[in-house]
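Undergrad: A single structure is presented below for examination.
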2 protein chains.
Amino acid sequence: MKIPTLTIVGVGLIGASIGLAARRRGLASHILGVGRQAANLERAQTLGAIDAWALDMPAAVHRADVAVFCTPVDAIAGQVLEAAPGCKAEALLTDAGSTKAEIVKCVEERLPTHIAFVGGHPLAGSEKRGPDFADADLFQDRVTIVCQTSRTRAAALEQTAAFWEALGSRVRIMAPEEHDRSLAVTSHLPHLAAAALAAVLPRHLSDLTATGFRDTTRVAAGDPSLWTAILLQNRQPVLAALREFEACLIEFQAALETGTPAALAALLDRAKKVRDALGN
Amino acid sequence: MKIPTLTIVGVGLIGASIGLAARRRGLASHILGVGRQAANLERAQTLGAIDAWALDMPAAVHRADVAVFCTPVDAIAGQVLEAAPGCKAEALLTDAGSTKAEIVKCVEERLPTHIAFVGGHPLAGSEKRGPDFADADLFQDRVTIVCQTSRTRAAALEQTAAFWEALGSRVRIMAPEEHDRSLAVTSHLPHLAAAALAAVLPRHLSDLTATGFRDTTRVAAGDPSLWTAILLQNRQPVLAALREFEACLIEFQAALETGTPAALAALLDRAKKVRDALGN
C-alpha cells in the first residue's frame, strides 16, 4: 500500500501518531495535516508527523487519496459529510473515533454513494493530548476495529484494514453496534469508574495515595470534553455496562456487610483470573 | 540509627524490600528473616535481603532489637502477641500491615507493658508477590504511616518513625482509625472497583482491552486472600467509601440517562482536577 496523499484531520495525539507511523513505514508519499490551530499543525510538522498543513478542512480532504478523521467523536460525522462532496471518486475516508454506531449511521445516511467511508478505532491512546505526545509506535501490535455495515463495499473494507495494518495494528472487523457495546465495557465504563474514584477523593487524602490509586485513576486525567462526547454518543451501552458494574459492587457490599470471607475471596479470585489473563 | 539485629517476619515483596533497603542504607548489623517457607527464605537470602533465616518465629523475634512483621493483616496481631513475652526489654516491634485499627487494638489489649509495639504502614507495594519482586527503593520518598494511640510512648513512636525514615520514606503519624478511614478511600475502595471492573469483563472482550483498562484494573491481580483479609479488617470504613463511590456513579448514571452534557462534563472536570494534582 502506497498512498499518494494522506490527509490527517486533527493532529492531536492520535492524528500525529498516525503521521509519524505512516512516515516511518513509508506508507504515504505526502502527508497533509489539517486542523483549526496553526500552532498545533506547525508543531506536528516540526515533529515530522506531517509534510505540510492547511486550515481549510474540505480542501485538504479533497486532495486526499486516504483521509483519516482524528477529531472529537461529536465532530467527525459533520466533517466527513462536509468534505465528502468534493472528494476524489476513489478516495477512502476513515476515522479514529472512540465511538462508532452514531458516527457511521450519521455518515451513511447522507454520504454520496460514490464515496467510501469505513469507520475505524485504534485501541491505543493516552490520557495526554496533543502532537507532543505522539508516538510512531502507538498502534504497533494494538487492535484497530474496522466497522462493516450492510453498505460497506468489500474493496473499501479491505483497503481500510490494510491502512490500519500498515500502521502496525491488528485489525478486527465488526459491526458499529458491536464495537460500541464492547468498548462500553472495556473503555468507557473503566473511564467512568476511574473518574468517580478520583471525584470522591477528598483533597486532604491526596498525600496518602500510592501507585495503586494512581494506576486505577490514571485515565481520569483524560480531557473532559472529549469524554463527555464519547459517553453521550454511547449512552445506552455505557448505561448497560454501568448497571452490570453496580450489580457487582453490590455483591461486594453484601459480602462485606455479612463479613463473608468466602464470598469476598470468590469475587476477588474471579477478578484476578480475568486480570492475570490480560498480562501487563 | 544502627540496629544490632533486625528481624523481618515474612520475606515477601514488602519484607524482602525492607531487608534490601536496610542493607543498602547500612541500617542493621544483622538482618534475620523468619517465615514458614524455607524456599522463600533461602531465596530472600540469595537476593541479599537477609543475612540469615530461621523457621522458629518467636525465637527469631526474641533476638531482635527491632522486629518488623510483614505478614498478612489477619496474622500480624497473633504473631506479635505470641512473640512478645520473650522479647528483649528494649525491643521495638512494628509492622507493615495495610490495616491498622484492628491490629493495634488487638495487640495493645494484651501486650506486656514493657514491650513497645507501634503499627506502621508503608504506602508502597505492588500486585506482585514474593521476594523476587523486592526493591531496595520501594520506600524511597513514599509515605509510611506510623500509628499513635494513647498507649504509645514517645520514645517508641520516635524510634519507629526513625526506622521507616531510615528506609527512605516520609513518615506521617496518625491514629489507627484515621489510617483505616483514609486507606479505605485511597486504596481499599480502588481495589474493590478495579476487581469489579475485571470481574464483569466477559472473556471474549479480553482482546479489546487497551492500556486504559489495564491501568484501571492492575491492582485486581493482587492476591485474593491477602485482600479478603484487608477488606474484612476494614469493613466499616470500606463500606462507607463504597457508598460514596456508588453515589457518585449514580450521578454519572443520571447525567447519562438525561443526556446532560454539562452535568457529565462537571463530574469529569472534578475528577480530572483531582487526578492532575497527583501527577504520574
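Labeling convention for the C-alpha cells: chains A, B, ... as they appear, residues from 1 per chain, ligands from 1 in order of appearance.
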Got a sec: who's within 10 Å of segment 223-240 of chain A, counting only C-alpha atoms, leaving out chain neighbours fewer than 6 positions off, as a PyMOL selection string?
TA: (chain A and resi 71-75+97-103+127-129+177-178+180-185+187-189+191-192+195+246) or (chain B and resi 252-272)
Undergrad: What's the 8 Å shell around segment 105-108 of chain B, counting only C-alpha atoms, without same-chain residues fewer than 3 positions away, as an mmCIF file with C-alpha atoms, in the first residue's frame?
TA:
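Saved to part-v4.cif:
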```cif
data_model
loop_
_atom_site.group_PDB
_atom_site.id
_atom_site.type_symbol
_atom_site.label_atom_id
_atom_site.label_comp_id
_atom_site.auth_asym_id
_atom_site.auth_seq_id
_atom_site.Cartn_x
_atom_site.Cartn_y
_atom_site.Cartn_z
ATOM 1 C CA ALA B 77 -1.535 -9.390 65.869
ATOM 2 C CA GLY B 78 -1.384 -13.074 66.786
ATOM 3 C CA VAL B 80 3.190 -10.159 67.768
ATOM 4 C CA LEU B 81 1.422 -11.439 70.877
ATOM 5 C CA ALA B 101 -7.130 -0.291 63.866
ATOM 6 C CA GLU B 102 -7.871 -3.959 64.471
ATOM 7 C CA LEU B 111 0.778 -6.818 75.086
ATOM 8 C CA PHE B 117 4.540 -2.121 69.549
ATOM 9 C CA ARG B 151 -0.741 3.934 74.957
#
```
Undergrad: When you look at Glu165 of chain B with a cut-off of 9 Å (counting only C-alpha atoms), what residues show up, excluding the ones that are within fewer than 6 positions of it in the same chain? I need them as a list in words.
TA: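 With the cut-off at 9 Å, the set is Phe139, Gln140, Thr144 and Val171 of chain B.
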Undergrad: If we count only C-alpha atoms and set the cut-off at 9 Å, which residues sit around Ala136 of chain A, ignoring sequence neighbours fewer than 4 positions away in its own chain? Please answer as a PDB file with N, CA, C and O atoms, in the first residue's frame.
TA:
```
ATOM      1  N   ALA A  16      -1.348  12.842  15.002  1.00  0.00           N
ATOM      2  CA  ALA A  16       0.100  12.994  14.816  1.00  0.00           C
ATOM      3  C   ALA A  16       0.806  11.640  14.913  1.00  0.00           C
ATOM      4  O   ALA A  16       1.812  11.407  14.232  1.00  0.00           O
ATOM      5  N   SER A  17       0.288  10.729  15.723  1.00  0.00           N
ATOM      6  CA  SER A  17       0.886   9.383  15.796  1.00  0.00           C
ATOM      7  C   SER A  17       0.689   8.643  14.474  1.00  0.00           C
ATOM      8  O   SER A  17       1.579   7.907  14.028  1.00  0.00           O
ATOM      9  N   ILE A  18      -0.480   8.844  13.854  1.00  0.00           N
ATOM     10  CA  ILE A  18      -0.717   8.240  12.534  1.00  0.00           C
ATOM     11  C   ILE A  18       0.305   8.790  11.537  1.00  0.00           C
ATOM     12  O   ILE A  18       0.899   8.044  10.753  1.00  0.00           O
ATOM     13  N   GLY A  19       0.519  10.106  11.593  1.00  0.00           N
ATOM     14  CA  GLY A  19       1.503  10.717  10.694  1.00  0.00           C
ATOM     15  C   GLY A  19       2.895  10.136  10.904  1.00  0.00           C
ATOM     16  O   GLY A  19       3.579   9.760   9.939  1.00  0.00           O
ATOM     17  N   LEU A  20       3.327  10.052  12.149  1.00  0.00           N
ATOM     18  CA  LEU A  20       4.665   9.522  12.447  1.00  0.00           C
ATOM     19  C   LEU A  20       4.787   8.061  11.997  1.00  0.00           C
ATOM     20  O   LEU A  20       5.803   7.660  11.419  1.00  0.00           O
ATOM     21  N   ALA A  21       3.738   7.283  12.268  1.00  0.00           N
ATOM     22  CA  ALA A  21       3.778   5.862  11.903  1.00  0.00           C
ATOM     23  C   ALA A  21       3.786   5.704  10.389  1.00  0.00           C
ATOM     24  O   ALA A  21       4.517   4.867   9.838  1.00  0.00           O
ATOM     25  N   ALA A  22       2.978   6.512   9.688  1.00  0.00           N
ATOM     26  CA  ALA A  22       2.906   6.438   8.223  1.00  0.00           C
ATOM     27  C   ALA A  22       4.248   6.818   7.600  1.00  0.00           C
ATOM     28  O   ALA A  22       4.720   6.186   6.657  1.00  0.00           O
ATOM     29  N   ARG A  23       4.875   7.829   8.162  1.00  0.00           N
ATOM     30  CA  ARG A  23       6.167   8.264   7.640  1.00  0.00           C
ATOM     31  C   ARG A  23       7.229   7.183   7.867  1.00  0.00           C
ATOM     32  O   ARG A  23       7.963   6.811   6.954  1.00  0.00           O
ATOM     33  N   ARG A  24       7.300   6.677   9.095  1.00  0.00           N
ATOM     34  CA  ARG A  24       8.327   5.687   9.388  1.00  0.00           C
ATOM     35  C   ARG A  24       8.180   4.449   8.513  1.00  0.00           C
ATOM     36  O   ARG A  24       9.160   3.816   8.136  1.00  0.00           O
ATOM     37  N   ALA A  49       5.437  14.729  11.840  1.00  0.00           N
ATOM     38  CA  ALA A  49       4.212  13.929  11.704  1.00  0.00           C
ATOM     39  C   ALA A  49       3.488  14.224  10.394  1.00  0.00           C
ATOM     40  O   ALA A  49       2.739  13.386   9.897  1.00  0.00           O
ATOM     41  N   GLN A 140       1.410  -0.091  17.138  1.00  0.00           N
ATOM     42  CA  GLN A 140       2.143  -1.347  16.976  1.00  0.00           C
ATOM     43  C   GLN A 140       1.544  -2.461  17.839  1.00  0.00           C
ATOM     44  O   GLN A 140       1.496  -2.335  19.066  1.00  0.00           O
ATOM     45  N   LEU A 167      -0.075   0.611   9.569  1.00  0.00           N
ATOM     46  CA  LEU A 167       0.392   1.429  10.704  1.00  0.00           C
ATOM     47  C   LEU A 167       0.844   0.543  11.875  1.00  0.00           C
ATOM     48  O   LEU A 167       1.275   1.054  12.907  1.00  0.00           O
TER      49      LEU A 167
END
```
Undergrad: Between A:Gly12, A:Pro131, A:Gly48, A:Pro122, which one has atoms that come closest to chain B, using only C-alpha atoms?
TA: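 Of all the options, A:Pro122 lies closest to chain B.
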